[in-house]
$ cat coords_33.cif   # mmCIF, C-alpha atoms and all ligand atoms
data_run
loop_
_atom_site.label_atom_id
_atom_site.label_comp_id
_atom_site.auth_asym_id
_atom_site.auth_seq_id
_atom_site.Cartn_x
_atom_site.Cartn_y
_atom_site.Cartn_z
CA MET A 1 41.86 -76.47 -136.81
CA THR A 2 42.58 -72.79 -136.43
CA THR A 3 45.99 -71.66 -135.26
CA PRO A 4 45.99 -70.18 -131.76
CA LYS A 5 46.55 -66.45 -131.64
CA VAL A 6 48.77 -64.23 -129.54
CA ILE A 7 47.27 -60.75 -129.47
CA LEU A 8 49.58 -57.80 -128.90
CA LYS A 9 48.82 -54.81 -126.70
CA PRO A 10 47.85 -51.61 -128.54
CA SER A 11 50.75 -49.92 -130.38
CA ARG A 12 53.15 -52.78 -129.69
CA ALA A 13 53.24 -54.37 -133.16
CA LYS A 14 55.83 -52.12 -134.83
CA PRO A 15 59.00 -54.08 -133.95
CA PHE A 16 57.38 -57.28 -135.14
CA PHE A 17 56.21 -55.79 -138.43
CA GLY A 18 59.89 -54.78 -138.50
CA ARG A 19 60.68 -58.53 -138.36
CA HIS A 20 62.28 -58.63 -134.95
CA PRO A 21 61.85 -62.24 -133.79
CA TRP A 22 61.43 -61.90 -130.00
CA VAL A 23 58.00 -61.20 -128.54
CA PHE A 24 58.44 -60.55 -124.82
CA ALA A 25 55.59 -61.31 -122.45
CA GLY A 26 55.18 -57.60 -121.68
CA ALA A 27 53.99 -56.86 -125.23
CA VAL A 28 51.28 -59.52 -125.14
CA GLU A 29 47.70 -58.64 -124.28
CA ARG A 30 46.23 -62.12 -124.38
CA VAL A 31 46.50 -65.57 -125.87
CA ASP A 32 43.53 -67.18 -127.64
CA GLY A 33 43.13 -70.90 -128.26
CA SER A 34 45.34 -72.29 -125.42
CA PRO A 35 48.46 -73.23 -127.36
CA ALA A 36 50.77 -75.78 -125.74
CA ASP A 37 54.34 -74.69 -125.09
CA GLY A 38 56.23 -75.13 -128.35
CA ALA A 39 53.07 -74.90 -130.48
CA GLU A 40 52.64 -72.74 -133.57
CA VAL A 41 50.83 -69.47 -133.06
CA ASP A 42 49.89 -66.44 -135.14
CA LEU A 43 51.00 -63.12 -133.75
CA VAL A 44 48.35 -60.49 -134.44
CA SER A 45 48.15 -56.79 -133.75
CA HIS A 46 45.64 -55.35 -131.30
CA GLY A 47 43.46 -54.62 -134.33
CA ASP A 48 43.65 -58.32 -135.31
CA ASN A 49 45.99 -57.92 -138.29
CA PHE A 50 48.31 -60.83 -138.95
CA VAL A 51 51.93 -59.99 -138.13
CA ALA A 52 53.91 -63.23 -138.16
CA ARG A 53 53.92 -66.93 -137.39
CA GLY A 54 55.93 -68.18 -134.45
CA LEU A 55 56.38 -70.77 -131.71
CA PHE A 56 54.83 -70.19 -128.30
CA ASN A 57 56.45 -70.70 -124.91
CA SER A 58 54.61 -69.57 -121.78
CA LEU A 59 57.65 -70.56 -119.68
CA SER A 60 60.06 -68.12 -121.32
CA LYS A 61 60.32 -64.34 -121.10
CA ILE A 62 60.32 -64.57 -124.89
CA GLN A 63 56.73 -65.78 -125.21
CA VAL A 64 56.81 -66.11 -128.95
CA ARG A 65 59.75 -66.53 -131.29
CA LEU A 66 58.87 -65.51 -134.82
CA TYR A 67 59.97 -67.43 -137.87
CA SER A 68 57.76 -66.43 -140.81
CA TRP A 69 56.05 -63.23 -141.90
CA ASP A 70 53.99 -65.02 -144.58
CA GLN A 71 50.43 -65.71 -143.59
CA GLY A 72 49.45 -69.35 -143.88
CA VAL A 73 53.00 -70.73 -143.84
CA SER A 74 53.22 -73.56 -141.40
CA LEU A 75 56.35 -74.16 -139.35
CA ASP A 76 56.62 -77.78 -140.37
CA ARG A 77 59.44 -80.00 -141.52
CA ALA A 78 59.44 -78.47 -145.02
CA PHE A 79 59.74 -75.01 -143.49
CA PHE A 80 62.79 -75.94 -141.42
CA ARG A 81 64.30 -77.74 -144.37
CA ASP A 82 63.97 -74.56 -146.41
CA ARG A 83 65.49 -72.45 -143.63
CA LEU A 84 68.45 -74.82 -143.30
CA ASP A 85 68.89 -74.93 -147.09
CA ARG A 86 69.17 -71.14 -147.10
CA ALA A 87 71.71 -71.24 -144.29
CA VAL A 88 73.76 -73.95 -146.01
CA ARG A 89 73.72 -72.08 -149.34
CA LEU A 90 75.50 -69.15 -147.66
CA ARG A 91 78.26 -71.39 -146.29
CA HIS A 92 78.65 -73.59 -149.35
CA ASP A 93 77.78 -71.49 -152.42
CA VAL A 94 78.78 -68.02 -151.26
CA LEU A 95 81.53 -68.56 -148.69
CA LYS A 96 82.87 -71.86 -150.12
CA LEU A 97 83.52 -73.24 -146.67
CA ASN A 98 82.45 -76.81 -147.37
CA ALA A 99 85.71 -78.75 -147.65
CA PRO A 100 85.31 -82.30 -146.25
CA ASP A 101 87.38 -81.53 -143.15
CA ALA A 102 86.19 -77.98 -142.63
CA GLY A 103 84.75 -76.41 -139.51
CA TYR A 104 82.09 -73.74 -139.90
CA ARG A 105 78.84 -72.53 -138.44
CA VAL A 106 76.02 -74.03 -140.48
CA ALA A 107 73.20 -72.10 -138.82
CA PHE A 108 73.34 -69.21 -136.39
CA SER A 109 70.04 -68.70 -134.65
CA GLU A 110 68.41 -65.28 -135.29
CA SER A 111 71.10 -64.51 -137.86
CA ASP A 112 69.74 -67.33 -140.03
CA PHE A 113 66.10 -66.70 -139.14
CA LEU A 114 66.16 -69.75 -136.87
CA SER A 115 65.87 -68.15 -133.44
CA GLY A 116 67.09 -70.55 -130.77
CA MET A 117 69.26 -72.97 -132.73
CA VAL A 118 72.95 -73.17 -133.54
CA VAL A 119 74.51 -75.83 -135.76
CA ASP A 120 78.28 -76.15 -136.17
CA ARG A 121 79.96 -78.56 -138.54
CA TYR A 122 83.29 -80.17 -137.72
CA GLY A 123 84.23 -82.46 -140.60
CA ASP A 124 81.77 -85.35 -140.58
CA TRP A 125 80.12 -84.32 -137.31
CA LEU A 126 77.54 -81.76 -136.41
CA ALA A 127 77.12 -80.08 -133.03
CA VAL A 128 73.66 -78.71 -132.36
CA GLN A 129 72.56 -76.35 -129.60
CA PHE A 130 68.95 -75.45 -128.87
CA THR A 131 68.23 -72.33 -126.86
CA ALA A 132 64.48 -72.31 -127.55
CA LEU A 133 61.96 -74.84 -126.30
CA GLY A 134 60.00 -74.78 -129.57
CA LEU A 135 63.00 -75.98 -131.55
CA ALA A 136 64.32 -78.29 -128.82
CA ASN A 137 60.95 -80.08 -128.95
CA ARG A 138 61.43 -80.56 -132.70
CA ARG A 139 64.96 -81.91 -132.30
CA ASP A 140 64.32 -85.25 -134.01
CA GLU A 141 62.70 -83.60 -137.02
CA ILE A 142 65.54 -81.09 -137.23
CA ALA A 143 68.14 -83.87 -136.94
CA GLU A 144 66.45 -85.63 -139.87
CA VAL A 145 66.60 -82.50 -141.98
CA LEU A 146 70.27 -81.98 -141.07
CA ARG A 147 71.01 -85.53 -142.19
CA GLU A 148 69.32 -84.88 -145.54
CA VAL A 149 71.13 -81.61 -146.12
CA LEU A 150 74.62 -82.40 -144.80
CA GLN A 151 74.95 -86.21 -144.55
CA PRO A 152 76.97 -86.20 -141.31
CA ARG A 153 78.24 -89.34 -139.59
CA GLY A 154 76.87 -88.09 -136.31
CA ILE A 155 74.92 -85.27 -134.72
CA TYR A 156 75.75 -84.34 -131.14
CA LEU A 157 73.61 -82.24 -128.81
CA ARG A 158 75.39 -79.60 -126.73
CA THR A 159 73.52 -77.63 -124.11
CA GLU A 160 74.20 -74.20 -122.70
CA LYS A 161 74.09 -73.52 -118.98
CA GLY A 162 71.02 -71.60 -117.89
CA VAL A 163 68.92 -72.29 -120.98
CA GLY A 164 66.96 -75.04 -119.24
CA LYS A 165 65.68 -72.54 -116.72
CA LEU A 166 65.14 -69.67 -119.15
CA GLU A 167 63.15 -71.79 -121.58
CA GLY A 168 61.69 -74.47 -119.30
CA VAL A 169 63.28 -77.27 -121.28
CA GLU A 170 65.30 -80.14 -119.90
CA GLN A 171 68.16 -81.27 -122.17
CA HIS A 172 71.38 -83.22 -121.77
CA ASP A 173 74.54 -83.34 -123.83
CA GLY A 174 74.81 -86.49 -125.92
CA PRO A 175 74.45 -88.02 -129.36
CA LEU A 176 71.25 -86.96 -131.13
CA TRP A 177 71.84 -89.28 -134.04
CA GLY A 178 74.55 -91.54 -135.50
CA GLU A 179 78.08 -92.20 -134.30
CA PRO A 180 79.49 -90.27 -131.35
CA PRO A 181 82.37 -87.97 -132.33
CA PRO A 182 85.84 -89.58 -132.12
CA ALA A 183 88.30 -88.36 -129.48
CA ASP A 184 90.72 -87.21 -132.19
CA LEU A 185 88.21 -85.27 -134.28
CA ALA A 186 90.12 -82.62 -136.21
CA ILE A 187 89.28 -79.92 -138.73
CA VAL A 188 91.54 -78.10 -141.13
CA GLU A 189 91.31 -74.32 -140.85
CA ASN A 190 93.40 -72.16 -143.19
CA GLY A 191 95.83 -75.06 -143.57
CA LEU A 192 96.15 -75.75 -139.83
CA ARG A 193 95.01 -79.01 -138.31
CA VAL A 194 92.94 -78.25 -135.21
CA LEU A 195 91.66 -80.88 -132.80
CA VAL A 196 88.12 -80.24 -131.61
CA ASN A 197 86.60 -81.75 -128.51
CA LEU A 198 83.03 -81.51 -129.71
CA ALA A 199 81.56 -83.42 -126.77
CA GLU A 200 83.30 -81.62 -123.90
CA GLY A 201 85.02 -78.49 -125.22
CA GLN A 202 83.73 -74.98 -124.59
CA LYS A 203 80.65 -73.91 -126.59
CA THR A 204 80.37 -76.59 -129.29
CA GLY A 205 84.09 -77.39 -129.07
CA TYR A 206 85.82 -74.55 -130.90
CA TYR A 207 85.58 -70.81 -131.60
CA LEU A 208 84.81 -70.78 -135.31
CA ASP A 209 83.92 -67.09 -135.28
CA GLN A 210 87.59 -66.03 -134.96
CA ARG A 211 88.76 -67.87 -138.12
CA ASP A 212 89.32 -64.77 -140.27
CA ASN A 213 90.67 -62.69 -137.39
CA ARG A 214 93.29 -65.35 -136.65
CA ALA A 215 94.39 -65.23 -140.30
CA ALA A 216 94.44 -61.41 -140.32
CA VAL A 217 96.56 -61.27 -137.16
CA ALA A 218 98.90 -64.01 -138.40
CA ARG A 219 99.94 -61.73 -141.26
CA LEU A 220 101.40 -59.32 -138.69
CA CYS A 221 103.35 -62.00 -136.80
CA PRO A 222 106.36 -63.16 -138.89
CA GLY A 223 109.52 -62.69 -136.83
CA LYS A 224 107.56 -61.29 -133.87
CA ARG A 225 107.24 -62.16 -130.19
CA VAL A 226 103.56 -62.97 -129.72
CA LEU A 227 101.47 -63.22 -126.58
CA ASP A 228 98.12 -64.98 -127.04
CA ALA A 229 96.10 -64.28 -123.91
CA PHE A 230 93.00 -66.50 -123.53
CA CYS A 231 94.31 -68.89 -126.19
CA TYR A 232 91.88 -71.81 -125.60
CA THR A 233 93.10 -74.68 -127.85
CA GLY A 234 95.81 -72.59 -129.47
CA GLY A 235 93.78 -70.25 -131.69
CA PHE A 236 95.72 -67.11 -132.61
CA GLY A 237 99.00 -68.54 -131.25
CA LEU A 238 99.02 -71.53 -133.61
CA TYR A 239 98.42 -69.24 -136.57
CA ALA A 240 101.21 -66.92 -135.40
CA ALA A 241 103.68 -69.78 -135.03
CA LYS A 242 102.77 -71.12 -138.46
CA ALA A 243 103.27 -67.65 -139.93
CA GLY A 244 106.83 -67.64 -138.58
CA ALA A 245 106.62 -65.80 -135.26
CA ALA A 246 109.93 -65.74 -133.38
CA GLU A 247 108.25 -66.90 -130.20
CA VAL A 248 104.67 -67.50 -129.05
CA LEU A 249 103.29 -67.73 -125.53
CA GLY A 250 99.69 -68.86 -125.09
CA ILE A 251 97.92 -68.43 -121.76
CA ASP A 252 94.64 -69.94 -120.64
CA ALA A 253 93.06 -71.04 -117.38
CA SER A 254 91.70 -74.27 -118.84
CA GLU A 255 94.07 -77.23 -118.58
CA PRO A 256 92.03 -79.45 -120.97
CA ALA A 257 92.06 -76.64 -123.56
CA LEU A 258 95.83 -76.30 -123.23
CA GLU A 259 96.33 -80.02 -123.56
CA LEU A 260 94.65 -79.78 -126.97
CA ALA A 261 96.66 -76.65 -127.74
CA ARG A 262 99.91 -78.56 -127.16
CA ARG A 263 98.68 -81.46 -129.30
CA ASN A 264 97.67 -78.97 -132.01
CA ALA A 265 101.15 -77.43 -131.99
CA ALA A 266 102.71 -80.90 -132.33
CA ALA A 267 100.27 -82.00 -135.06
CA ASN A 268 101.29 -78.98 -137.12
CA ASP A 269 105.03 -79.34 -136.42
CA LEU A 270 105.17 -75.91 -134.85
CA SER A 271 108.13 -74.89 -132.74
CA GLY A 272 108.81 -71.84 -130.60
CA ILE A 273 105.34 -72.02 -129.09
CA SER A 274 104.61 -72.69 -125.43
CA PHE A 275 101.53 -72.63 -123.27
CA GLU A 276 101.02 -71.64 -119.64
CA THR A 277 98.05 -72.58 -117.48
CA ALA A 278 97.25 -69.43 -115.56
CA ASP A 279 94.79 -66.69 -114.81
CA VAL A 280 95.49 -64.10 -117.49
CA PHE A 281 95.05 -61.10 -115.18
CA ARG A 282 97.58 -62.45 -112.74
CA HIS A 283 99.99 -63.79 -115.32
CA LEU A 284 100.12 -60.57 -117.34
CA ALA A 285 100.89 -58.66 -114.14
CA ASP A 286 103.73 -61.13 -113.45
CA LEU A 287 105.10 -60.65 -116.96
CA VAL A 288 104.98 -56.88 -116.49
CA ALA A 289 106.84 -57.27 -113.19
CA VAL A 290 109.72 -59.10 -114.90
CA ARG A 291 109.65 -56.57 -117.78
CA ARG A 292 108.81 -59.05 -120.52
CA GLN A 293 108.07 -57.45 -123.89
CA PHE A 294 106.05 -58.65 -126.86
CA ASP A 295 105.53 -57.29 -130.37
CA VAL A 296 101.99 -58.62 -130.68
CA VAL A 297 99.51 -59.07 -127.83
CA VAL A 298 96.15 -60.75 -128.46
CA LEU A 299 93.40 -60.36 -125.86
CA ASP A 300 90.45 -62.67 -126.51
CA PRO A 301 88.66 -63.00 -123.16
CA PRO A 302 85.37 -64.83 -122.65
CA LYS A 303 82.06 -63.00 -122.39
CA PHE A 304 82.35 -60.82 -119.28
CA ALA A 305 78.67 -59.77 -118.94
CA ARG A 306 75.42 -61.62 -119.54
CA ASN A 307 73.16 -58.78 -118.41
CA ARG A 308 73.23 -55.00 -118.08
CA ALA A 309 73.90 -55.11 -114.35
CA ALA A 310 77.18 -56.90 -115.02
CA VAL A 311 78.44 -54.39 -117.61
CA PRO A 312 80.31 -51.97 -115.26
CA GLU A 313 82.33 -54.83 -113.77
CA ALA A 314 82.98 -56.19 -117.28
CA LEU A 315 84.27 -52.80 -118.45
CA LYS A 316 86.66 -52.79 -115.50
CA GLY A 317 87.99 -56.18 -116.59
CA TYR A 318 88.60 -55.00 -120.17
CA ARG A 319 90.28 -51.83 -118.83
CA ARG A 320 92.63 -53.82 -116.63
CA LEU A 321 93.57 -56.17 -119.48
CA HIS A 322 94.35 -53.24 -121.77
CA GLN A 323 96.45 -51.47 -119.12
CA LEU A 324 98.54 -54.61 -118.70
CA ALA A 325 98.79 -55.31 -122.44
CA LEU A 326 100.12 -51.82 -123.17
CA LYS A 327 102.86 -52.31 -120.61
CA LEU A 328 103.89 -55.53 -122.33
CA LEU A 329 103.93 -54.11 -125.84
CA ALA A 330 107.28 -53.14 -127.33
CA LYS A 331 107.74 -50.13 -129.61
CA ASP A 332 105.45 -50.26 -132.68
CA GLY A 333 103.69 -53.25 -131.14
CA VAL A 334 100.36 -54.62 -132.32
CA LEU A 335 97.44 -54.95 -129.94
CA VAL A 336 94.52 -57.18 -130.84
CA SER A 337 91.48 -56.46 -128.67
CA CYS A 338 88.65 -58.94 -129.01
CA CYS A 339 85.35 -58.55 -127.20
CA CYS A 340 82.51 -61.05 -127.47
CA THR A 341 80.31 -59.36 -124.88
CA GLY A 342 77.31 -58.25 -126.92
CA LEU A 343 76.34 -55.59 -124.35
CA ILE A 344 79.69 -53.85 -124.83
CA THR A 345 79.76 -51.96 -128.12
CA LEU A 346 82.60 -51.25 -130.52
CA GLN A 347 82.47 -47.65 -129.27
CA ASP A 348 82.90 -48.84 -125.64
CA LEU A 349 85.81 -51.06 -126.64
CA GLU A 350 87.55 -48.27 -128.55
CA ASP A 351 87.03 -45.94 -125.58
CA ILE A 352 88.79 -48.49 -123.37
CA ILE A 353 91.64 -48.84 -125.86
CA ALA A 354 92.02 -45.06 -126.14
CA GLN A 355 91.92 -44.57 -122.38
CA ALA A 356 94.56 -47.25 -121.84
CA ALA A 357 96.79 -45.56 -124.43
CA VAL A 358 96.42 -42.18 -122.70
CA GLU A 359 97.18 -43.67 -119.28
CA GLY A 360 100.12 -45.57 -120.70
CA ARG A 361 101.36 -42.36 -122.39
CA ARG A 362 101.52 -44.10 -125.79
CA ASP A 363 100.24 -43.00 -129.18
CA LEU A 364 97.91 -45.61 -130.62
CA GLN A 365 96.40 -46.05 -134.08
CA ILE A 366 93.48 -48.27 -134.90
CA LEU A 367 94.40 -50.28 -137.98
CA GLU A 368 91.39 -52.53 -138.41
CA ARG A 369 87.91 -52.91 -136.98
CA ARG A 370 86.85 -56.46 -137.53
CA GLY A 371 83.93 -58.72 -136.71
CA PRO A 372 83.29 -62.45 -136.80
CA ALA A 373 83.76 -64.52 -139.95
CA ALA A 374 80.84 -64.35 -142.39
CA ASP A 375 79.44 -67.73 -141.37
CA HIS A 376 78.34 -65.72 -138.29
CA PRO A 377 76.22 -63.11 -140.09
CA VAL A 378 73.93 -60.54 -138.48
CA ALA A 379 70.26 -60.40 -139.47
CA ALA A 380 69.46 -56.84 -140.47
CA THR A 381 66.30 -57.02 -138.39
CA CYS A 382 67.97 -58.41 -135.26
CA ARG A 383 71.18 -56.47 -134.81
CA GLU A 384 71.56 -57.85 -131.27
CA SER A 385 72.98 -60.99 -132.85
CA GLY A 386 76.17 -59.08 -133.66
CA TYR A 387 78.47 -59.63 -130.69
CA LEU A 388 82.12 -60.09 -131.65
CA LYS A 389 84.40 -57.10 -132.11
CA CYS A 390 88.11 -57.35 -132.93
CA VAL A 391 90.11 -54.14 -133.02
CA VAL A 392 93.68 -54.28 -134.29
CA SER A 393 95.86 -51.33 -133.26
CA ARG A 394 99.46 -50.20 -133.45
CA VAL A 395 101.04 -48.88 -130.29
CA LEU A 396 103.92 -46.47 -130.79
N1 LIG A 401 91.29 -67.19 -128.52
C1 LIG A 401 90.62 -68.46 -128.50
C2 LIG A 401 89.24 -68.39 -127.88
C3 LIG A 401 89.21 -67.83 -126.47
S1 LIG A 401 87.74 -68.17 -125.61
C4 LIG A 401 90.57 -69.04 -129.89
O1 LIG A 401 91.02 -68.39 -130.85
O2 LIG A 401 90.10 -70.17 -130.04
C5 LIG A 401 88.11 -67.58 -124.01
C6 LIG A 401 89.10 -68.42 -123.23
O3 LIG A 401 89.38 -67.75 -122.00
C7 LIG A 401 88.65 -69.80 -122.81
O4 LIG A 401 89.56 -70.73 -123.32
C8 LIG A 401 88.71 -69.82 -121.27
O5 LIG A 401 89.22 -71.04 -120.75
C9 LIG A 401 89.67 -68.71 -121.00
N2 LIG A 401 89.56 -67.99 -119.72
C10 LIG A 401 88.48 -67.48 -119.14
N3 LIG A 401 88.80 -66.75 -118.05
C11 LIG A 401 90.16 -66.81 -117.94
C12 LIG A 401 91.12 -66.26 -117.04
N4 LIG A 401 90.74 -65.45 -116.04
N5 LIG A 401 92.41 -66.53 -117.24
C13 LIG A 401 92.81 -67.33 -118.27
N6 LIG A 401 91.96 -67.86 -119.15
C14 LIG A 401 90.64 -67.60 -119.00
#
$ encode --input "coords_33.cif" --output "structure tokens"
Amino acid sequence: MTTPKVILKPSRAKPFFGRHPWVFAGAVERVDGSPADGAEVDLVSHGDNFVARGLFNSLSKIQVRLYSWDQGVSLDRAFFRDRLDRAVRLRHDVLKLNAPDAGYRVAFSESDFLSGMVVDRYGDWLAVQFTALGLANRRDEIAEVLREVLQPRGIYLRTEKGVGKLEGVEQHDGPLWGEPPPADLAIVENGLRVLVNLAEGQKTGYYLDQRDNRAAVARLCPGKRVLDAFCYTGGFGLYAAKAGAAEVLGIDASEPALELARRNAAANDLSGISFETADVFRHLADLVAVRRQFDVVVLDPPKFARNRAAVPEALKGYRRLHQLALKLLAKDGVLVSCCCTGLITLQDLEDIIAQAAVEGRRDLQILERRGPAADHPVAATCRESGYLKCVVSRVL
């Protein structure tokens, strides 16, 4: 049986020879051999030269996701096993993240040459997210491979809003294999015990990407008054309290997240830390009104824009947050500006920080430009997978 072919329009093959994994419908001239959605296809240039092997989906704007640039490689179980082995080797052999009660990202979609799949490990449980129909259709095979490679007690499927429509795949959250995760599932991160609600928490339950940034910021917190805006289940604030902050205030709009945050503080015997359920924009304005001051302010808002049209409004949101934060920062204060909106660049973020400093009539120095922890790498050939920026500055 010959593999169906997706033939590119003239002069459209360059990005794919450059190993970018997304073939949008607009680049495709025609499809030969009527592949089913999710089936393996060969991507070929207009001149019929093999480019790469991928999985087809007529229902998605990304008509083909590419996985291998070797001709004749089939995208079978052995292939996915090899891809996951590579991903696991980074986390275990290079980064040494594999303690029994650790939390880390096992596989990160394009960044691990597995476009459309995220796997996070929380102790003995795995959370899996599919954002591509081709991989979602292979979920049982992939679960088997994950069992071989990581021997979890359970694998739980988490779905992302909107993916069903984008990819034409119907999925529901629930156990994919094994035992469901316990209600008190906890990981240990840099010596802190953190409860993770894998089944119902945001994303797959926890923001693993901020691990190193939390530790970096904690070093600046001993003896300080710390404001952790958008704290989720405690995040930066727990680290600050453990590092010996004089006082920590965490703010988030999610009551379930704050319930875990309070339990996390108790589980780690932390004192001087409190949490407020509130809209950050409103609450920061209230704190400004009563002239509260902090020595460290962390801003870690959610993604503000999913598409280009939403970027101007998102920039306004970041600007407002920075204006407020500068008013709350005491002399020689530390500002931590996180931005996980991929469409907003480091340059944009630094422009916002600089503008807020000028408006606030403060001198500001950038101390560190940070990204996500290394279990969230960026594939050199798909730079779009870099999304998280974390700029640490000193405000005089
Ligand atoms: N800093 C956290 C991760 C933050 S994720 C950590 O280290 O784990 C972003 C958080 O912002 C989510 O918890 C979400 O509930 C919260 N959020 C979103 N919009 C908000 C708003 N307007 N006011 C307060 N919290 C908000």
$ closest_residue --input "coords_33.cif" --among "A:Arg158, A:Arg91, A:Arg147, A:Arg139" --to "Asp124 in chain A" --atoms "all atoms listed in the file"
A:Arg147
$ closest_atom_pairs --input "coords_33.cif" --of "chain A" --to "ligand LIG 401 (chain A)" --cutoff "7 Å" --atoms "all atoms listed in the file" --output "JSON lines"
{"residue": "A:Tyr206", "atom": "CA", "partner": "A:LIG401", "partner_atom": "O2", "distance": 6.2}
{"residue": "A:Tyr207", "atom": "CA", "partner": "A:LIG401", "partner_atom": "O2", "distance": 4.8}
{"residue": "A:Gln210", "atom": "CA", "partner": "A:LIG401", "partner_atom": "O1", "distance": 5.9}
{"residue": "A:Arg214", "atom": "CA", "partner": "A:LIG401", "partner_atom": "O1", "distance": 6.9}
{"residue": "A:Phe230", "atom": "CA", "partner": "A:LIG401", "partner_atom": "O3", "distance": 4.1}
{"residue": "A:Cys231", "atom": "CA", "partner": "A:LIG401", "partner_atom": "N1", "distance": 4.2}
{"residue": "A:Tyr232", "atom": "CA", "partner": "A:LIG401", "partner_atom": "O4", "distance": 3.4}
{"residue": "A:Thr233", "atom": "CA", "partner": "A:LIG401", "partner_atom": "O2", "distance": 5.8}
{"residue": "A:Gly234", "atom": "CA", "partner": "A:LIG401", "partner_atom": "O2", "distance": 6.2}
{"residue": "A:Gly235", "atom": "CA", "partner": "A:LIG401", "partner_atom": "O1", "distance": 3.4}
{"residue": "A:Phe236", "atom": "CA", "partner": "A:LIG401", "partner_atom": "O1", "distance": 5.2}
{"residue": "A:Ile251", "atom": "CA", "partner": "A:LIG401", "partner_atom": "C13", "distance": 6.3}
{"residue": "A:Asp252", "atom": "CA", "partner": "A:LIG401", "partner_atom": "N6", "distance": 3.7}
{"residue": "A:Ala253", "atom": "CA", "partner": "A:LIG401", "partner_atom": "N6", "distance": 3.8}
{"residue": "A:Ser254", "atom": "CA", "partner": "A:LIG401", "partner_atom": "O5", "distance": 4.5}
{"residue": "A:Ala257", "atom": "CA", "partner": "A:LIG401", "partner_atom": "O4", "distance": 6.4}
{"residue": "A:Ala278", "atom": "CA", "partner": "A:LIG401", "partner_atom": "C13", "distance": 5.6}
{"residue": "A:Asp279", "atom": "CA", "partner": "A:LIG401", "partner_atom": "N5", "distance": 3.4}
{"residue": "A:Val280", "atom": "CA", "partner": "A:LIG401", "partner_atom": "N5", "distance": 3.9}
{"residue": "A:Phe281", "atom": "CA", "partner": "A:LIG401", "partner_atom": "N4", "distance": 6.2}
{"residue": "A:Asp300", "atom": "CA", "partner": "A:LIG401", "partner_atom": "N1", "distance": 5.0}
{"residue": "A:Pro301", "atom": "CA", "partner": "A:LIG401", "partner_atom": "C5", "distance": 4.7}
{"residue": "A:Pro302", "atom": "CA", "partner": "A:LIG401", "partner_atom": "C5", "distance": 4.1}
$ residues_near_point --input "coords_33.cif" --point "(46.2, -60.8, -128.5)" --cutoff "9 Å" --atoms "all atoms listed in the file" --output "list in words"
Lys5, Val6, Ile7, Leu8, Lys9, Val28, Glu29, Arg30, Val31, Asp32, Leu43, Val44, Ser45, His46, Gly47 and Asp48 of chain A
$ residues_near_point --input "coords_33.cif" --point "(104.1, -72.1, -117.1)" --cutoff "10 Å" --atoms "only C-alpha atoms" --output "PDB file with C-alpha atoms, in the frame of the given file"
ATOM      1  CA  LEU A 249     103.290 -67.730-125.530  1.00  0.00           C
ATOM      2  CA  GLY A 250      99.690 -68.860-125.090  1.00  0.00           C
ATOM      3  CA  ILE A 251      97.920 -68.430-121.760  1.00  0.00           C
ATOM      4  CA  SER A 274     104.610 -72.690-125.430  1.00  0.00           C
ATOM      5  CA  PHE A 275     101.530 -72.630-123.270  1.00  0.00           C
ATOM      6  CA  GLU A 276     101.020 -71.640-119.640  1.00  0.00           C
ATOM      7  CA  THR A 277      98.050 -72.580-117.480  1.00  0.00           C
ATOM      8  CA  ALA A 278      97.250 -69.430-115.560  1.00  0.00           C
ATOM      9  CA  HIS A 283      99.990 -63.790-115.320  1.00  0.00           C
TER      10      HIS A 283
END
$ closest_atom_pairs --input "coords_33.cif" --of "range 188-240 of chain A" --to "range 95-102 of chain A" --cutoff "12 Å" --atoms "all atoms listed in the file" --output "CSV"
residue,atom,partner,partner_atom,distance
A:Val188,CA,A:Ala102,CA,5.6
A:Glu189,CA,A:Ala102,CA,6.5
A:Asn190,CA,A:Ala102,CA,9.3
A:Gly191,CA,A:Ala102,CA,10.1
A:Leu192,CA,A:Ala102,CA,10.6
A:Arg193,CA,A:Asp101,CA,9.4
A:Val194,CA,A:Ala102,CA,10.0
A:Leu195,CA,A:Asp101,CA,11.2
A:Val196,CA,A:Ala102,CA,11.4
A:Leu208,CA,A:Ala102,CA,10.4
A:Arg211,CA,A:Ala102,CA,11.4
$ atom_distance --input "coords_33.cif" --atom1 "CA of Gln63 in chain A" --atom2 "CA of Phe24 in chain A"
5.5 Å
$ atom_distance --input "coords_33.cif" --atom1 "CA of Arg370 in chain A" --atom2 "CA of Ala241 in chain A"
21.6 Å
$ closest_residue --input "coords_33.cif" --among "A:Val288, A:Ala374, A:Cys390, A:Ala379" --to "Val94 in chain A" --atoms "only C-alpha atoms"
A:Ala374
$ residues_around --input "coords_33.cif" --residues "Arg65 in chain A" --least-positions-apart "3" --cutoff "8 Å" --atoms "only C-alpha atoms" --output "list in words"
Pro21, Trp22, Val23, Gly54, Leu55, Phe56, Ile62 and Ser115 of chain A
$ write_last_selection --input "coords_33.cif" --atoms "C-alpha atoms" --output "PDB file, keeping the file's coordinate frame"
ATOM      1  CA  PRO A  21      61.850 -62.240-133.790  1.00  0.00           C
ATOM      2  CA  TRP A  22      61.430 -61.900-130.000  1.00  0.00           C
ATOM      3  CA  VAL A  23      58.000 -61.200-128.540  1.00  0.00           C
ATOM      4  CA  GLY A  54      55.930 -68.180-134.450  1.00  0.00           C
ATOM      5  CA  LEU A  55      56.380 -70.770-131.710  1.00  0.00           C
ATOM      6  CA  PHE A  56      54.830 -70.190-128.300  1.00  0.00           C
ATOM      7  CA  ILE A  62      60.320 -64.570-124.890  1.00  0.00           C
ATOM      8  CA  SER A 115      65.870 -68.150-133.440  1.00  0.00           C
TER       9      SER A 115
END
